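Content type compact mmCIF, C-alpha atoms, from the file target_37.txt:
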# COMPACT_ATOMS: atom_id res chain seq x y z
CA MET A 17 256.86 73.70 111.73
CA LEU A 18 255.66 77.30 112.08
CA GLY A 19 257.69 80.24 113.24
CA THR A 20 256.79 82.77 115.93
CA ILE A 21 255.94 86.35 114.99
CA ARG A 22 257.50 88.95 117.27
CA GLN A 23 257.15 92.70 117.38
CA VAL A 24 260.32 94.77 117.16
CA PRO A 25 260.59 98.16 118.93
CA LEU A 26 260.65 100.93 116.33
CA ARG A 27 263.60 102.63 118.02
CA ASN A 28 265.73 99.55 117.33
CA ILE A 29 265.72 100.52 113.66
CA TRP A 30 265.10 104.28 113.73
CA LYS A 31 266.88 105.88 116.66
CA ASN A 32 265.74 109.40 115.82
CA GLU A 33 262.34 110.32 114.40
CA ALA A 34 263.44 113.36 112.39
CA TYR A 35 266.85 112.15 111.18
CA ASP A 36 266.14 108.45 110.68
CA PHE A 37 262.46 107.64 110.31
CA THR A 38 261.26 110.67 108.32
CA PRO A 39 263.93 110.26 105.58
CA TRP A 40 263.13 106.53 105.37
CA LEU A 41 259.42 107.18 105.04
CA ALA A 42 260.02 109.87 102.40
CA GLU A 43 261.85 107.29 100.29
CA ASN A 44 259.17 104.62 100.81
CA LEU A 45 255.93 106.50 100.15
CA GLU A 46 254.86 103.83 97.69
CA THR A 47 254.58 101.30 100.53
CA LEU A 48 252.52 103.70 102.62
CA GLY A 49 250.37 104.60 99.63
CA LYS A 50 249.55 100.95 98.92
CA ALA A 51 248.22 100.53 102.46
CA LEU A 52 245.85 103.48 101.90
CA GLY A 53 244.96 102.99 98.24
CA LEU A 54 246.76 106.19 97.24
CA GLU A 55 249.52 106.99 94.76
CA LEU A 56 251.86 109.29 96.65
CA GLU A 57 254.64 111.32 95.09
CA PHE A 58 257.32 112.99 97.23
CA GLU A 59 257.37 116.81 97.18
CA GLY A 60 259.46 117.87 100.16
CA ARG A 61 260.70 117.09 103.66
CA GLU A 62 260.64 119.41 106.69
CA VAL A 63 258.59 121.90 104.68
CA SER A 64 258.44 125.30 106.39
CA VAL A 65 255.05 126.29 107.81
CA GLY A 66 255.65 129.54 109.67
CA PRO A 67 257.76 128.71 112.77
CA TYR A 68 257.07 124.99 112.29
CA SER A 69 257.86 122.43 109.60
CA ALA A 70 255.75 119.62 108.13
CA ASP A 71 257.52 116.25 108.20
CA ILE A 72 256.67 115.30 104.62
CA LEU A 73 254.72 117.00 101.85
CA ALA A 74 253.54 114.73 99.06
CA LYS A 75 251.11 114.79 96.16
CA ASP A 76 248.30 112.42 95.41
CA THR A 77 249.01 111.73 91.74
CA GLY A 78 245.37 110.79 91.22
CA THR A 79 244.18 114.31 92.07
CA ASP A 80 247.45 116.27 91.81
CA GLN A 81 246.67 117.74 95.24
CA TYR A 82 248.90 118.12 98.29
CA VAL A 83 249.01 115.54 101.08
CA VAL A 84 250.55 116.30 104.48
CA ILE A 85 252.25 113.43 106.30
CA GLU A 86 252.99 113.83 110.01
CA ASN A 87 254.78 111.03 111.83
CA GLN A 88 255.88 110.09 115.32
CA LEU A 89 257.53 107.02 116.78
CA GLU A 90 255.46 107.29 119.94
CA ARG A 91 251.81 107.25 120.97
CA THR A 92 249.65 109.96 119.39
CA ASP A 93 249.31 113.24 121.27
CA HIS A 94 247.47 116.55 121.02
CA ASP A 95 250.60 118.36 119.80
CA HIS A 96 250.83 116.26 116.62
CA LEU A 97 247.07 116.41 116.07
CA GLY A 98 247.27 120.20 116.10
CA LYS A 99 250.22 120.13 113.72
CA CYS A 100 248.30 117.91 111.29
CA LEU A 101 245.43 120.40 111.10
CA THR A 102 247.70 123.46 110.95
CA TYR A 103 249.91 122.11 108.18
CA ALA A 104 246.91 120.99 106.14
CA ALA A 105 245.29 124.43 106.42
CA VAL A 106 248.41 126.45 105.58
CA LEU A 107 249.58 124.18 102.75
CA ASP A 108 246.03 123.76 101.38
CA ALA A 109 246.27 119.97 101.51
CA VAL A 110 243.34 117.69 100.64
CA ALA A 111 244.56 114.82 102.82
CA VAL A 112 246.35 114.34 106.12
CA ILE A 113 248.20 111.11 106.92
CA TRP A 114 249.14 110.73 110.57
CA VAL A 115 251.63 107.90 111.12
CA ALA A 116 252.28 106.83 114.71
CA ALA A 117 253.46 103.90 116.81
CA GLU A 118 250.14 103.77 118.64
CA PHE A 119 246.80 105.58 118.39
CA THR A 120 244.85 106.45 121.51
CA GLU A 121 241.14 105.73 121.32
CA GLU A 122 240.43 109.46 121.64
CA HIS A 123 242.63 110.40 118.70
CA LYS A 124 241.24 107.60 116.54
CA LYS A 125 237.71 108.85 117.26
CA THR A 126 238.83 112.39 116.41
CA MET A 127 240.11 111.28 113.00
CA ASP A 128 236.88 109.36 112.35
CA TRP A 129 234.84 112.40 113.41
CA LEU A 130 236.78 114.66 111.05
CA ASN A 131 236.17 112.24 108.18
CA ASP A 132 232.45 112.09 108.91
CA HIS A 133 231.94 115.84 109.34
CA THR A 134 234.20 117.49 106.76
CA ILE A 135 233.58 117.96 103.05
CA ASP A 136 234.30 115.15 100.62
CA ASP A 137 237.39 116.89 99.25
CA ILE A 138 239.28 116.46 102.55
CA ALA A 139 240.45 113.12 103.97
CA PHE A 140 242.13 112.10 107.23
CA TYR A 141 244.13 108.90 107.56
CA GLY A 142 245.46 107.40 110.78
CA VAL A 143 248.15 104.76 110.30
CA LYS A 144 249.80 102.64 112.97
CA ILE A 145 253.31 101.52 112.10
CA GLU A 146 254.71 98.17 113.29
CA LEU A 147 257.89 96.18 112.78
CA LEU A 148 257.45 92.40 112.78
CA LYS A 149 259.84 89.49 112.43
CA ILE A 150 259.48 85.70 112.32
CA ASP A 151 261.95 84.01 114.63
CA GLU A 152 265.33 85.54 113.73
CA SER A 153 264.36 86.98 110.34
CA ARG A 154 264.92 90.60 109.37
CA PRO A 155 262.18 93.00 110.57
CA ALA A 156 259.39 93.77 108.12
CA ILE A 157 257.24 96.89 108.23
CA GLN A 158 253.47 96.78 108.49
CA PHE A 159 251.12 99.74 108.14
CA ASN A 160 247.84 99.17 109.98
CA VAL A 161 245.15 101.65 108.96
CA GLN A 162 243.35 103.00 112.03
CA SER A 163 241.17 105.64 110.40
CA ILE A 164 240.09 106.22 106.81
CA PRO A 165 237.29 108.22 105.12
CA ASN A 166 233.99 106.33 105.30
CA ASN A 167 232.43 106.81 101.87
CA ILE A 168 229.21 105.11 102.93
CA VAL A 169 228.67 107.59 105.77
CA ARG A 170 229.52 110.52 103.52
CA GLN A 171 227.12 109.37 100.82
CA ALA A 172 224.30 108.92 103.35
CA THR A 173 224.95 112.37 104.78
CA ARG A 174 224.82 113.96 101.32
CA GLN A 175 221.56 112.15 100.52
CA LYS A 176 220.00 113.27 103.81
CA GLU A 177 221.08 116.88 103.25
CA LEU A 178 219.67 116.85 99.72
CA GLN A 179 216.29 115.57 100.88
CA GLU A 180 216.05 118.29 103.53
CA LEU A 181 216.95 121.18 101.20
CA SER A 182 214.43 123.89 100.42
CA ASP A 183 213.78 124.85 96.79
CA THR A 184 216.07 127.86 97.18
CA ARG A 185 218.95 125.79 98.53
CA LYS A 186 218.50 123.17 95.83
CA LEU A 187 218.80 125.97 93.27
CA GLN A 188 221.97 127.24 94.99
CA LEU A 189 223.50 123.76 94.93
CA GLU A 190 222.67 123.29 91.25
CA PHE A 191 224.04 126.74 90.37
CA TRP A 192 227.38 126.26 92.19
CA SER A 193 227.76 122.73 90.79
CA LEU A 194 227.54 124.08 87.25
CA PHE A 195 229.73 127.05 88.19
CA ARG A 196 232.45 124.74 89.58
CA GLU A 197 232.27 122.46 86.54
CA SER A 198 232.68 125.46 84.24
CA LEU A 199 235.76 126.70 86.11
CA LEU A 200 237.36 123.26 86.09
CA ASN A 201 236.74 122.90 82.36
CA SER A 202 238.46 126.24 81.75
CA GLY A 203 241.74 124.79 83.02
CA GLN A 204 242.58 128.06 84.77
CA ILE A 205 241.99 126.93 88.36
CA GLY A 206 243.02 123.51 89.66
CA SER A 207 241.70 123.44 93.23
CA LEU A 208 238.07 124.25 94.02
CA MET A 209 235.83 123.63 96.99
CA LYS A 210 232.89 121.24 96.82
CA PRO A 211 229.64 123.03 95.84
CA ARG A 212 227.29 123.55 98.76
CA ALA A 213 223.71 124.75 99.17
CA GLN A 214 224.62 128.29 100.23
CA TYR A 215 224.81 131.79 98.80
CA TRP A 216 228.62 131.93 98.45
CA PHE A 217 231.47 129.99 96.81
CA ASN A 218 235.18 130.49 97.52
CA VAL A 219 237.59 130.61 94.58
CA PRO A 220 241.35 130.66 95.44
CA LEU A 221 243.27 133.16 93.29
CA GLY A 222 246.87 134.35 93.41
CA ASN A 223 248.92 133.79 96.56
CA SER A 224 248.80 134.74 100.24
CA ASN A 225 250.21 138.21 99.47
Once more with this new file: its structure as structure tokens, please.
Amino acid sequence: MLGTIRQVPLRNIWKNEAYDFTPWLAENLETLGKALGLELEFEGREVSVGPYSADILAKDTGTDQYVVIENQLERTDHDHLGKCLTYAAVLDAVAVIWVAAEFTEEHKKTMDWLNDHTIDDIAFYGVKIELLKIDESRPAIQFNVQSIPNNIVRQATRQKELQELSDTRKLQLEFWSLFRESLLNSGQIGSLMKPRAQYWFNVPLGNSN
């Protein structure tokens, strides 16, 4: 005889988003990482970003780069979308993970659009969180990925751009690719932008002061 799967309201377990859910998620990043194919390492909680604070700051151990995690126990809204982008920009993160109880179709399309139109070094993940139980069992968490970088689309875009490049732009791309490789091999700079077919290349040095 089979049991019946039921959905449990998130607020039954985590009454308060900031004081209950965020600390729980910070201690269970491994579970979230498995759903996304990432190895996440906790860095900080309620990290100050000007007058605001990022819910969780983590590191992707595969790249040693920062990952911003913004969560809400409600349906996605414009306020949290803006926070995701602001925190990622200020903290120089290479990935944004937006965890929510429900994703609107508009916000899901926004995350997909960002993945398809930003450089390869930046990734946006949308994750719907659910609590499920079978009959009277204890609730179990389930992370349903709503948006994830589409490597096939990105590869096709790169190939199309390469075919359309003039000889000058091809030379620029080759030059900055070798330039970036040289800097990385020096071990002096850890985070560098993706080489592009253009006349400039940003290199982060020092701090914001």
Between A:Leu52, A:Leu45, A:His133, A:Tyr103, which one has atoms that come closest to Lys75 (chain A), using all atoms listed in the file?
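Selected residue with least distance to Lys75 (chain A): A:Leu45.
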Report, in Å to a single decimal, how far apart CA of Trp114 (chain A) and CA of Asn87 (chain A) are.
5.8 Å
Between A:Pro67, A:Gly49, A:Gly142, A:Gly60, which residue has the minimum interatomic distance to Cys100 (chain A), considering only C-alpha atoms?
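For Cys100 (chain A), the nearest of the given residues is A:Gly142.
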Given all atoms listed in the file as the counted atoms, nearest of A:His94, A:Ser193, A:Glu122, A:Thr102 to Gly66 (chain A):
A:Thr102
In Å, rounded to a single decimal, give me how far CA of Ser163 (chain A) is from CA of Arg196 (chain A).
29.6 Å
